[in-house]
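**Student:** coords20.cif is reproduced in full below (mmCIF, C-alpha atoms).
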data_structure
#
loop_
_atom_site.label_atom_id
_atom_site.label_comp_id
_atom_site.auth_asym_id
_atom_site.auth_seq_id
_atom_site.Cartn_x
_atom_site.Cartn_y
_atom_site.Cartn_z
CA MET A 6 143.09 191.01 137.47
CA ASP A 7 146.33 190.28 135.59
CA ILE A 8 145.42 187.88 132.83
CA ASP A 9 148.95 187.81 131.39
CA ARG A 10 150.26 186.51 134.69
CA ASP A 11 147.27 184.21 135.06
CA LEU A 12 147.97 182.62 131.67
CA ARG A 13 151.48 181.50 132.65
CA PRO A 14 150.32 178.26 134.30
CA LEU A 15 148.81 177.15 130.98
CA ALA A 16 152.13 175.56 130.17
CA GLY A 17 151.63 173.11 133.02
CA VAL A 18 148.44 171.56 131.68
CA PRO A 19 149.27 168.07 130.39
CA ASP A 20 148.52 167.41 126.72
CA PRO A 21 146.37 164.28 126.42
CA TRP A 22 147.52 163.81 122.82
CA ALA A 23 151.15 164.82 123.25
CA ASP A 24 152.71 161.58 122.02
CA ASP A 25 149.77 160.62 119.91
CA ALA A 26 149.85 163.40 117.34
CA ALA A 27 153.47 163.11 116.26
CA PRO A 28 153.52 159.54 114.92
CA LEU A 29 150.23 159.97 113.09
CA PRO A 30 150.79 159.98 109.35
CA PRO A 31 149.36 163.12 107.80
CA PRO A 32 146.45 162.53 105.46
CA ALA A 33 147.49 161.76 101.93
CA LEU A 34 147.83 164.61 99.50
CA PRO A 35 144.41 165.13 97.91
CA SER A 36 144.50 163.63 94.46
CA ALA A 37 142.75 165.17 91.46
CA LEU A 38 142.47 168.64 92.89
CA PRO A 39 139.86 170.80 91.20
CA PRO A 40 141.29 173.79 89.34
CA SER A 41 141.64 176.88 91.48
CA PRO A 42 142.36 180.45 90.42
CA THR A 43 145.74 182.01 91.07
CA ARG A 44 146.05 185.43 92.63
CA ALA A 45 146.42 187.12 89.23
CA GLN A 46 143.27 185.37 88.01
CA VAL A 47 141.39 186.39 91.15
CA GLU A 48 142.45 190.00 90.70
CA ARG A 49 141.41 189.96 87.04
CA ARG A 50 138.09 188.39 87.98
CA ARG A 51 137.43 191.07 90.58
CA ALA A 52 138.33 193.88 88.18
CA ALA A 53 136.05 192.38 85.55
CA ALA A 54 133.25 192.07 88.13
CA GLY A 55 133.65 195.76 89.06
CA LEU A 56 133.63 196.87 85.44
CA ALA A 57 130.67 194.64 84.58
CA SER A 58 128.74 195.88 87.62
CA THR A 59 129.19 199.52 86.63
CA THR A 60 128.23 198.80 83.02
CA ILE A 61 125.15 196.82 84.03
CA VAL A 62 123.96 199.51 86.47
CA VAL A 63 124.33 202.18 83.78
CA GLY A 64 122.55 199.91 81.30
CA MET A 65 119.70 199.28 83.72
CA VAL A 66 119.31 203.02 84.38
CA LEU A 67 119.21 203.72 80.65
CA ALA A 68 116.64 200.94 80.21
CA MET A 69 114.45 202.23 83.07
CA GLY A 70 114.85 205.84 81.97
CA VAL A 71 117.01 208.67 83.26
CA ARG A 72 115.71 211.41 85.57
CA SER A 73 113.23 213.86 84.07
CA ASP A 74 115.30 216.93 84.96
CA VAL A 75 118.49 215.64 83.41
CA HIS A 76 118.72 218.64 81.05
CA ASP A 77 118.13 221.16 83.85
CA VAL A 78 120.75 219.86 86.24
CA PRO A 79 124.22 221.40 85.84
CA PRO A 80 126.39 218.64 84.32
CA LEU A 81 129.08 219.24 86.91
CA GLU A 82 126.63 218.69 89.75
CA LEU A 83 125.36 215.48 88.18
CA ALA A 84 128.86 214.24 87.49
CA LEU A 85 129.90 215.09 91.02
CA SER A 86 127.05 213.21 92.68
CA VAL A 87 127.58 210.12 90.52
CA GLY A 88 131.34 210.41 90.94
CA VAL A 89 131.08 210.63 94.73
CA ALA A 90 128.91 207.49 94.77
CA LEU A 91 131.38 205.65 92.52
CA GLY A 92 134.29 206.81 94.65
CA ALA A 93 132.50 205.69 97.80
CA ALA A 94 131.91 202.29 96.16
CA CYS A 95 135.62 201.96 95.40
CA VAL A 96 136.70 203.07 98.89
CA THR A 97 134.21 200.74 100.54
CA TRP A 98 135.33 197.81 98.41
CA TRP A 99 138.99 198.59 99.14
CA LEU A 100 138.26 198.64 102.88
CA ALA A 101 136.53 195.27 102.55
CA VAL A 102 139.49 193.69 100.79
CA SER A 103 142.45 195.50 102.35
CA GLY A 104 141.28 196.79 105.71
CA THR A 105 142.68 195.07 108.76
CA ALA A 106 140.52 192.32 110.18
CA ARG A 107 139.89 194.02 113.48
CA ALA A 108 139.10 197.37 111.88
CA SER A 109 136.67 195.92 109.37
CA ALA A 110 133.78 195.95 111.83
CA LEU A 111 134.45 199.60 112.58
CA TRP A 112 134.90 200.45 108.92
CA SER A 113 131.51 198.94 108.16
CA PHE A 114 129.96 202.09 109.63
CA VAL A 115 131.77 204.22 107.05
CA PRO A 116 129.19 203.65 104.28
CA VAL A 117 126.43 204.88 106.60
CA ALA A 118 128.37 208.02 107.49
CA LEU A 119 129.16 208.61 103.83
CA LEU A 120 125.50 208.15 102.94
CA GLY A 121 124.46 210.77 105.50
CA ALA A 122 126.98 213.27 104.15
CA PHE A 123 125.99 212.47 100.58
CA ALA A 124 122.29 212.96 101.31
CA ALA A 125 122.90 216.23 103.14
CA ALA A 126 124.86 217.59 100.20
CA SER A 127 122.46 216.40 97.49
CA THR A 128 120.09 218.96 96.02
CA GLY A 129 116.84 217.79 94.44
CA HIS A 130 115.43 219.58 91.45
CA VAL A 131 112.09 217.78 91.28
CA THR A 132 109.25 217.42 93.77
CA SER A 133 106.66 214.69 93.78
CA PRO A 134 102.95 215.05 94.62
CA THR A 135 103.10 211.54 96.07
CA PRO A 136 106.33 211.47 98.04
CA TRP A 137 105.63 208.13 99.77
CA ALA A 138 104.94 206.39 96.48
CA ALA A 139 108.09 207.93 95.02
CA LEU A 140 110.04 206.79 98.04
CA ALA A 141 108.76 203.23 97.68
CA MET A 142 109.58 203.24 93.97
CA CYS A 143 113.11 204.39 94.66
CA MET A 144 113.57 201.76 97.39
CA VAL A 145 112.61 199.06 94.92
CA GLY A 146 114.69 200.65 92.15
CA SER A 147 117.87 200.95 94.20
CA THR A 148 117.48 197.39 95.48
CA MET A 149 117.11 196.12 91.93
CA LEU A 150 120.16 198.08 90.85
CA ALA A 151 122.20 196.66 93.73
CA ALA A 152 121.27 193.04 93.01
CA VAL A 153 123.57 192.39 90.06
CA PRO A 154 126.68 194.12 91.50
CA LEU A 155 126.14 192.21 94.73
CA ALA A 156 125.86 188.89 92.93
CA LEU A 157 129.04 189.63 90.96
CA ALA A 158 130.84 190.78 94.11
CA LEU A 159 129.91 187.59 95.96
CA PHE A 160 130.92 185.44 93.01
CA SER A 161 134.30 187.14 92.60
CA HIS A 162 135.08 187.14 96.35
CA ARG A 163 134.15 183.56 97.18
CA GLY A 164 136.34 182.30 100.03
CA ALA A 165 138.24 185.58 100.09
CA PHE A 166 137.97 186.64 103.72
CA ALA A 167 139.54 184.45 106.36
CA ARG A 168 139.35 187.02 109.14
CA GLY A 169 136.97 189.86 110.03
CA VAL A 170 134.56 188.22 107.65
CA ARG A 171 131.34 189.79 108.94
CA GLY A 172 132.62 193.36 108.73
CA ARG A 173 134.14 192.68 105.33
CA ALA A 174 130.89 191.13 104.10
CA VAL A 175 128.97 194.24 105.13
CA LEU A 176 131.50 196.45 103.36
CA LEU A 177 131.38 194.35 100.19
CA GLY A 178 127.59 194.57 100.10
CA ALA A 179 127.73 198.29 100.82
CA ALA A 180 130.09 198.77 97.88
CA ALA A 181 127.49 197.17 95.62
CA GLY A 182 124.88 199.41 97.24
CA TRP A 183 126.94 202.51 96.48
CA LEU A 184 127.03 201.59 92.80
CA ALA A 185 123.24 201.33 92.91
CA LEU A 186 123.03 204.69 94.66
CA GLY A 187 125.13 206.23 91.91
CA GLY A 188 122.69 204.76 89.42
CA MET A 189 119.76 206.22 91.34
CA GLU A 190 121.33 209.67 91.02
CA LEU A 191 120.97 209.26 87.26
CA ARG A 192 117.51 207.73 87.57
CA CYS A 193 115.72 210.00 90.06
CA GLY A 194 115.78 213.79 90.45
CA LEU A 195 113.90 213.92 93.73
CA GLY A 196 115.84 215.53 96.55
CA GLY A 197 115.51 215.71 100.31
CA MET A 198 117.50 213.99 103.01
CA GLU A 199 114.84 211.38 103.79
CA HIS A 200 114.24 210.48 100.16
CA VAL A 201 117.93 210.03 99.39
CA VAL A 202 118.76 208.15 102.58
CA PHE A 203 115.76 205.81 102.66
CA GLY A 204 114.92 205.69 98.96
CA HIS A 205 118.24 205.76 97.14
CA GLY A 206 120.10 204.26 100.07
CA ALA A 207 117.77 201.28 100.44
CA GLY A 208 119.85 199.24 98.02
CA LEU A 209 122.93 199.90 100.13
CA ALA A 210 121.27 198.59 103.28
CA VAL A 211 119.69 195.60 101.56
CA ALA A 212 122.93 194.65 99.79
CA ALA A 213 124.94 194.95 103.02
CA LEU A 214 122.49 192.72 104.87
CA ALA A 215 122.29 190.22 102.02
CA SER A 216 126.07 190.05 101.89
CA LEU A 217 126.17 189.51 105.65
CA ALA A 218 123.72 186.63 105.23
CA ALA A 219 126.12 185.09 102.69
CA VAL A 220 129.04 185.23 105.09
CA ARG A 221 129.79 181.49 104.84
CA TRP A 222 130.22 181.86 101.09
CA LEU A 223 132.91 184.50 101.67
CA ARG A 224 134.88 182.44 104.19
CA PRO A 225 137.55 180.04 102.96
CA MET B 13 139.24 185.97 138.96
CA SER B 14 141.78 185.29 141.66
CA THR B 15 145.49 185.21 141.07
CA THR B 16 146.34 183.90 144.51
CA THR B 17 144.96 180.38 144.17
CA ARG B 18 147.60 177.72 143.71
CA PRO B 19 147.37 175.29 140.85
CA PRO B 20 147.16 171.62 141.77
CA PRO B 21 150.48 169.76 141.81
CA SER B 22 149.66 168.15 138.43
CA LEU B 23 150.04 171.57 136.86
CA VAL B 24 153.14 172.72 138.72
CA ALA B 25 155.63 170.34 137.13
CA ALA B 26 155.36 172.32 133.97
CA ALA B 27 157.59 172.25 130.95
CA PRO B 28 158.01 175.65 129.24
CA LEU B 29 155.95 175.99 126.07
CA VAL B 30 158.80 176.75 123.67
CA GLY B 31 162.48 177.39 124.31
CA ALA B 32 164.38 180.41 122.92
CA ALA B 33 166.37 178.37 120.40
CA GLN B 34 163.19 176.70 119.23
CA VAL B 35 161.56 180.10 118.67
CA ALA B 36 164.30 181.15 116.23
CA SER B 37 164.09 177.94 114.22
CA VAL B 38 160.30 178.06 114.23
CA GLU B 39 160.38 181.63 112.91
CA GLY B 40 162.75 180.59 110.12
CA ALA B 41 160.52 177.67 109.20
CA ASP B 42 157.46 179.93 109.24
CA ALA B 43 159.14 182.39 106.87
CA GLU B 44 159.89 179.51 104.52
CA LEU B 45 156.24 178.46 104.67
CA ASP B 46 155.13 182.01 103.89
CA ALA B 47 157.39 182.07 100.84
CA LEU B 48 156.00 178.70 99.71
CA MET B 49 152.43 179.90 100.06
CA GLU B 50 153.28 183.08 98.17
CA ARG B 51 154.62 180.99 95.28
CA TYR B 52 151.54 178.78 95.38
CA ALA B 53 149.20 181.80 95.36
CA ARG B 54 151.05 183.08 92.30
CA GLY B 55 150.31 179.83 90.51
CA GLU B 56 153.25 177.50 91.17
CA ASP B 57 151.28 174.28 91.61
CA ALA B 58 154.33 172.26 92.65
CA ALA B 59 154.50 174.22 95.92
CA PHE B 60 151.30 172.60 97.15
CA SER B 61 152.80 169.21 97.95
CA ARG B 62 155.55 170.85 100.03
CA LEU B 63 153.02 173.04 101.80
CA HIS B 64 150.89 170.01 102.50
CA ALA B 65 153.82 168.00 103.81
CA ALA B 66 154.85 170.84 106.13
CA LEU B 67 151.42 171.91 107.35
CA ALA B 68 149.28 168.76 107.36
CA PRO B 69 150.73 167.26 110.58
CA ARG B 70 150.17 170.53 112.47
CA VAL B 71 146.68 170.98 111.10
CA LEU B 72 145.83 167.36 111.89
CA ARG B 73 147.13 167.72 115.42
CA PHE B 74 145.15 170.95 115.90
CA LEU B 75 141.95 169.37 114.61
CA ARG B 76 142.42 166.23 116.70
CA ARG B 77 142.62 168.40 119.77
CA LEU B 78 139.55 170.40 118.80
CA THR B 79 137.56 167.27 118.01
CA ASN B 80 138.71 165.56 121.21
CA GLY B 81 140.76 162.97 119.40
CA SER B 82 138.14 162.04 116.84
CA GLU B 83 139.19 160.07 113.75
CA ARG B 84 137.22 162.64 111.76
CA ALA B 85 140.12 165.03 112.19
CA ALA B 86 141.82 163.42 109.17
CA ASP B 87 138.81 164.18 106.96
CA LEU B 88 138.66 167.72 108.31
CA THR B 89 142.36 168.12 107.52
CA GLN B 90 141.72 167.07 103.93
CA ASP B 91 138.84 169.54 103.75
CA THR B 92 141.10 172.28 105.13
CA PHE B 93 143.63 171.72 102.34
CA LEU B 94 140.94 171.64 99.69
CA ARG B 95 139.70 175.01 100.92
CA LEU B 96 143.27 176.31 101.04
CA HIS B 97 143.68 175.20 97.45
CA ARG B 98 140.43 176.84 96.32
CA SER B 99 141.24 180.11 98.12
CA ARG B 100 144.92 180.38 97.26
CA GLY B 101 144.27 183.35 94.96
CA SER B 102 142.82 185.29 97.90
CA PHE B 103 145.89 184.84 100.10
CA ASP B 104 147.08 188.38 100.84
CA ARG B 105 150.54 189.47 99.74
CA GLY B 106 152.90 189.53 102.71
CA ALA B 107 150.47 187.65 104.97
CA THR B 108 151.60 184.82 107.22
CA VAL B 109 150.34 181.42 106.23
CA LEU B 110 150.06 179.67 109.60
CA PRO B 111 147.29 181.82 111.12
CA TRP B 112 145.51 181.73 107.75
CA VAL B 113 145.59 177.93 107.57
CA PHE B 114 144.54 177.60 111.19
CA THR B 115 141.67 179.99 110.51
CA ILE B 116 140.55 177.79 107.63
CA ALA B 117 140.91 174.68 109.80
CA ARG B 118 138.88 176.32 112.52
CA ASN B 119 136.18 177.25 109.96
CA VAL B 120 136.13 173.65 108.74
CA PHE B 121 135.78 172.44 112.32
CA ARG B 122 132.98 174.93 113.04
CA ASP B 123 131.12 173.95 109.87
CA ASP B 124 131.45 170.31 110.83
CA LEU B 125 130.13 171.08 114.30
CA ARG B 126 127.10 172.70 112.77
CA ARG B 127 126.42 169.62 110.68
CA ALA B 128 126.72 167.23 113.57
CA ARG B 129 127.88 167.80 117.13
CA THR B 130 131.29 166.30 117.84
CA GLU B 131 130.82 162.81 119.25
CA ALA B 132 134.28 161.44 119.96
CA THR B 133 134.13 157.74 120.78
CA ASP B 134 135.69 156.53 124.02
CA ASP B 135 137.86 154.16 122.01
CA ASP B 136 139.45 157.02 120.08
CA ALA B 137 140.14 159.07 123.16
CA ASP B 138 141.40 156.20 125.29
CA GLY B 139 143.83 155.18 122.59
CA ALA B 140 145.16 158.71 122.39
CA ILE B 141 145.63 159.00 126.11
CA ASP B 142 147.34 155.64 126.40
CA GLY B 143 149.81 156.91 123.84
CA ALA B 144 150.23 160.22 125.63
CA VAL B 145 151.32 158.64 128.90
CA SER B 146 153.39 155.83 127.48
CA SER B 147 156.64 157.68 128.14
CA ALA B 148 155.63 159.17 131.49
CA GLY B 149 157.19 156.55 133.73
CA THR B 150 156.09 153.44 135.53
CA GLY B 151 153.70 152.34 138.24
CA GLU B 152 152.03 155.10 140.19
CA GLU B 153 153.50 157.88 138.03
CA LEU B 154 152.04 156.32 134.95
CA ALA B 155 148.64 155.94 136.53
CA LEU B 156 148.63 159.54 137.79
CA ALA B 157 149.68 160.89 134.42
CA ALA B 158 147.00 158.84 132.68
CA GLU B 159 144.40 160.07 135.12
CA ALA B 160 145.46 163.71 134.67
CA ALA B 161 145.35 163.32 130.90
CA HIS B 162 141.85 161.83 131.19
CA VAL B 163 140.70 164.77 133.28
CA VAL B 164 142.15 167.32 130.84
CA ARG B 165 140.55 165.54 127.91
CA ASP B 166 137.18 165.31 129.67
CA VAL B 167 137.21 168.95 130.75
CA LEU B 168 138.28 170.11 127.28
CA ALA B 169 135.43 168.13 125.76
CA ARG B 170 132.91 169.80 128.05
CA LEU B 171 134.21 173.33 127.52
CA PRO B 172 132.44 175.77 125.21
CA VAL B 173 134.04 175.54 121.76
CA SER B 174 135.31 179.13 121.93
CA GLN B 175 137.24 178.39 125.14
CA ARG B 176 138.58 175.10 123.82
CA GLU B 177 139.85 176.77 120.65
CA ALA B 178 141.62 179.54 122.57
CA PHE B 179 143.17 177.11 125.03
CA VAL B 180 144.38 174.68 122.34
CA LEU B 181 145.98 177.46 120.29
CA LEU B 182 147.79 179.02 123.25
CA ARG B 183 148.77 175.91 125.15
CA PHE B 184 149.24 173.23 122.53
CA GLU B 185 149.98 175.15 119.32
CA SER B 186 152.28 177.63 121.08
CA MET B 187 150.68 180.59 119.36
CA SER B 188 150.98 184.10 120.73
CA VAL B 189 147.82 185.74 122.00
CA ARG B 190 147.87 188.03 118.96
CA GLU B 191 148.12 185.12 116.52
CA ALA B 192 145.36 183.23 118.30
CA ALA B 193 143.18 186.35 118.15
CA ASP B 194 143.75 186.48 114.39
CA VAL B 195 142.80 182.84 113.99
CA LEU B 196 139.71 183.16 116.17
CA ASP B 197 138.73 186.50 114.63
CA THR B 198 138.46 188.23 117.97
CA THR B 199 140.45 190.50 120.28
CA PRO B 200 143.54 189.46 122.26
CA THR B 201 141.70 190.24 125.49
CA ALA B 202 138.87 187.89 124.55
CA VAL B 203 141.40 185.16 123.74
CA LYS B 204 143.10 185.59 127.11
CA LEU B 205 139.79 185.47 128.94
CA ARG B 206 138.65 182.34 127.11
CA ALA B 207 141.95 180.56 127.68
CA PHE B 208 142.00 181.55 131.32
CA ARG B 209 138.47 180.27 131.86
CA ALA B 210 139.46 177.00 130.23
CA TYR B 211 142.50 176.80 132.46
CA GLU B 212 140.38 177.46 135.53
CA ALA B 213 138.02 174.66 134.53
CA ILE B 214 140.92 172.23 134.03
CA ARG B 215 142.50 173.29 137.29
CA ALA B 216 139.23 172.73 139.11
CA GLY B 217 138.85 169.32 137.45
CA LEU B 218 142.34 168.27 138.51
CA ALA B 219 141.81 169.61 142.03
CA VAL B 220 138.65 167.50 142.39
CA ARG B 221 140.56 164.42 141.18
CA GLU B 222 143.38 165.02 143.65
CA GLY B 223 140.94 165.68 146.48
CA SER B 224 139.07 162.45 145.91
#
Could you rewrite the structure in this file as structure tokens?

**Tutor:**
Amino acid sequence: MDIDRDLRPLAGVPDPWADDAAPLPPPALPSALPPSPTRAQVERRRAAAGLASTTIVVGMVLAMGVRSDVHDVPPLELALSVGVALGAACVTWWLAVSGTARASALWSFVPVALLGAFAAASTGHVTSPTPWAALAMCMVGSTMLAAVPLALALFSHRGAFARGVRGRAVLLGAAAGWLALGGMELRCGLGGMEHVVFGHGAGLAVAALASLAAVRWLRP
Amino acid sequence: MSTTTRPPPSLVAAAPLVGAAQVASVEGADAELDALMERYARGEDAAFSRLHAALAPRVLRFLRRLTNGSERAADLTQDTFLRLHRSRGSFDRGATVLPWVFTIARNVFRDDLRRARTEATDDDADGAIDGAVSSAGTGEELALAAEAAHVVRDVLARLPVSQREAFVLLRFESMSVREAADVLDTTPTAVKLRAFRAYEAIRAGLAVREGS
């Protein structure tokens, strides 16, 4: 099968509207256009949304209470785990905004791979007598933490993605989820691969899916 | 998918899509459009009227083809430019404006399809086809051209939307496969397959007409 060669005869198909389209007057210029943000305003809005998201997640963690072993954990280790989550959020957001359209679907698996590596490297200092209850609590907590960053991300990226919109939507939601995961590192000292992936990572999955559901909002 | 079948005579007398000289002037015009859009994205409101004047006829033509000649294409064109206006701040630096605008137009068309299935009236389509064949010749030639145009229009209307979009972009909008893939948010191979299937359907439709 040689599709390139097969497409050549396309030029021979008559155009039913060939002479019709040219003389048609284009629709009048829309009058009274609503105000729309310029690129600089959009960039400022996105930066403000990122800053506000981080501040709100930290505020929510402080309001809910930080992890019980916060004084026992080496500060460097704590800073590293939060820093990795923040870095992953930035990388994921950058991929959503700047990644090529075709690659965006592939890139949307990056957050999952990062989460696996993150969970494998994380070391818990606390154990729980009721691990399932703790897991459920963390799932709810991380989802709550992801909600505000996701809302701000959707608001500041309305109509932003013309192409590769599904993959980009997943990445945008995952970026919000990574912020929540960073917050959960400050909130919960429980370790273990399963707890981190399913408990702390729940917000990431929920935010990615919620963002995917809002795909029409993100399309111009 | 056979490559040995011959297209019906209606398809053989083909004009090339775009000549070499036209390509150069089109590229120059496209670069000018990109620069205009860049200025508009940066906040120069005055650029919008020039963008609209340059792009509206193409967008309207594209939407008329997708909607099978429906009068609604004018409203969809307006909607496309409103969305362009609202999203100007998200236009990527260095991006090309034509695929972006066609993507928006296609989204507008798809959203409209979701709201209500396209129902082009016979009056709209007949008027368009009468215009299309007005310069074709006289007598039998005119009748044959009108009939072929009717068949193409009918087959296009029955095609799945994804095939119609690919075919219209490649055949009537003279886009490259890569550009059409960008607009349709899919791979070049998928675009080629969709366009080829559309072509096969049109070819079969014309063959049936000529056989009868």

**Student:** Name every residue that the PyMOL selection byres ((chain B and resi 163) around 10) selects in this structure, writing the answer as a ChimeraX atom specification with chains first and numbers rising.

**Tutor:** /A:19,21 /B:157-162,164-169,214-218,220-221

**Student:** Box time for range 159-165 of chain A: axis-aligned, enclosing all its listed atoms, 4 Å extra on each side; report centre and edge lengths in Å to one decimal, as JSON.

**Tutor:**
{"center_x": 134.1, "center_y": 184.9, "center_z": 96.3, "size_x": 16.3, "size_y": 13.3, "size_z": 15.5}

**Student:** Identify the residues around (154.1, 171.8, 108.1) within a radius of 10 Å, measuring from all atoms listed in the file in the coordinates stated by the file, and give them as a list of chain:residue names.

**Tutor:**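 Selection result: A:Pro31, B:Ala41, B:Asp42, B:Leu45, B:Arg62, B:Leu63, B:His64, B:Ala65, B:Ala66, B:Leu67, B:Ala68, B:Pro69, B:Arg70, B:Val71, B:Leu110.
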
**Student:** Give me the result of the PyMOL selection byres ((chain B and resi 182) around 12) on this file, residue by residue, as a ChimeraX atom specification.

**Tutor:** /A:12-16,18 /B:29-30,74,175-181,183-193,195-196,200,203-208,210-211

**Student:** Measure the distance from CA of Ala213 in chain A to CA of Asp104 in chain B in Å and round it to one decimal.

**Tutor:**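 Computed distance, CA of Ala213 in chain A to CA of Asp104 in chain B, equals 23.2 Å.
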
**Student:** Using all atoms listed in the file, can you list as a short mmCIF file (atom, residue, chain, number, x, y, z; two decimals) with C-alpha atoms, keeping the file's coordinate frame the residues within 10 Å of (145.7, 183.9, 106.1)?

**Tutor:**
data_model
loop_
_atom_site.label_atom_id
_atom_site.label_comp_id
_atom_site.auth_asym_id
_atom_site.auth_seq_id
_atom_site.Cartn_x
_atom_site.Cartn_y
_atom_site.Cartn_z
CA ALA A 165 138.24 185.58 100.09
CA PHE A 166 137.97 186.64 103.72
CA ALA A 167 139.54 184.45 106.36
CA ARG A 168 139.35 187.02 109.14
CA PRO A 225 137.55 180.04 102.96
CA ASP B 46 155.13 182.01 103.89
CA MET B 49 152.43 179.90 100.06
CA LEU B 96 143.27 176.31 101.04
CA SER B 99 141.24 180.11 98.12
CA ARG B 100 144.92 180.38 97.26
CA SER B 102 142.82 185.29 97.90
CA PHE B 103 145.89 184.84 100.10
CA ASP B 104 147.08 188.38 100.84
CA ARG B 105 150.54 189.47 99.74
CA GLY B 106 152.90 189.53 102.71
CA ALA B 107 150.47 187.65 104.97
CA THR B 108 151.60 184.82 107.22
CA VAL B 109 150.34 181.42 106.23
CA LEU B 110 150.06 179.67 109.60
CA PRO B 111 147.29 181.82 111.12
CA TRP B 112 145.51 181.73 107.75
CA VAL B 113 145.59 177.93 107.57
CA PHE B 114 144.54 177.60 111.19
CA THR B 115 141.67 179.99 110.51
CA ILE B 116 140.55 177.79 107.63
CA ASP B 194 143.75 186.48 114.39
CA VAL B 195 142.80 182.84 113.99
#

**Student:** In Å to one decimal, how far is CA of Ala84 in chain A from CA of His200 in chain A?

**Tutor:**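 Spanning CA of His200 in chain A to CA of Ala84 in chain A is a straight-line distance of 19.7 Å.
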
**Student:** Would you list the contacts of Met69 in chain A as number ranges by chain, taking every protein, DNA or RNA residue within 10 Å and counting all atoms listed in the file, but skipping same-chain residues closer than 5 positions in sequence?

**Tutor:** A: 63-64, 146, 192

**Student:** Fewer than 2 positions away in the same chain doesn't count, so skip those; otherwise give me all residues within 10 Å of Arg221 in chain A, counting all atoms listed in the file, as a CSV table (one decimal) with C-alpha atoms, in the frame of the given file.

**Tutor:**
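Dumped everything to out.csv:
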chain,number,residue,atom,x,y,z
A,163,ARG,CA,134.2,183.6,97.2
A,164,GLY,CA,136.3,182.3,100.0
A,166,PHE,CA,138.0,186.6,103.7
A,170,VAL,CA,134.6,188.2,107.6
A,171,ARG,CA,131.3,189.8,108.9
A,174,ALA,CA,130.9,191.1,104.1
A,216,SER,CA,126.1,190.0,101.9
A,217,LEU,CA,126.2,189.5,105.6
A,218,ALA,CA,123.7,186.6,105.2
A,219,ALA,CA,126.1,185.1,102.7
A,223,LEU,CA,132.9,184.5,101.7
A,224,ARG,CA,134.9,182.4,104.2
A,225,PRO,CA,137.6,180.0,103.0
B,119,ASN,CA,136.2,177.2,110.0
B,123,ASP,CA,131.1,174.0,109.9

**Student:** Report the distance between CA of Ala126 in chain A and CA of Pro154 in chain A in Å, rounded to one decimal place.

**Tutor:**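 Value for the CA of Ala126 in chain A-CA of Pro154 in chain A distance: 25.1 Å.
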
**Student:** May I have the residues within 9 Å of range 73-83 of chain A as a ChimeraX atom specification, using only C-alpha atoms and disregarding those fewer than 3 positions away in the same chain?

**Tutor:** /A:70,86-88,130-131,190-194

**Student:** With distances taken over all atoms listed in the file, which residue among A:Leu91, A:Val102, A:Ala210, A:Ala54 lies nearest chain B?

**Tutor:**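 Of all the options, A:Val102 lies closest to chain B.
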
**Student:** List as a ChimeraX atom specification the protein and nucleic acid residues near Ser147 in chain A, meaning an atom at most 8 Å away when all atoms listed in the file are counted, but skip any in the same chain fewer than 6 places from it.

**Tutor:** /A:182,185-186,188-189,204-209

**Student:** Given the PyMOL selection byres ((chain A and resi 58) around 10) and the file above, list the residues it selects as a ChimeraX atom specification.

**Tutor:** /A:52-57,59-64,150-158,181,184-185

**Student:** For chain B, which residue out of A:Ala138, A:Ser103, A:Ala212, A:Ala90 is the nearest one, using all atoms listed in the file?

**Tutor:**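 When distances to chain B are compared using all atoms listed in the file, the smallest one comes from A:Ser103.
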
**Student:** So, counting all atoms listed in the file, which residue among A:Ala37, A:Val145, A:Gly169, A:Trp99 is closest to chain B?

**Tutor:**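 Closest to chain B of all the choices is A:Gly169.
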
**Student:** Between B:Asn80, B:Ala59, B:Leu48, B:Arg95, single out the one closest to chain A, counting all atoms listed in the file.

**Tutor:**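 Checking each of B:Asn80, B:Ala59, B:Leu48, B:Arg95 against chain A, counting all atoms listed in the file, the winner is B:Arg95.
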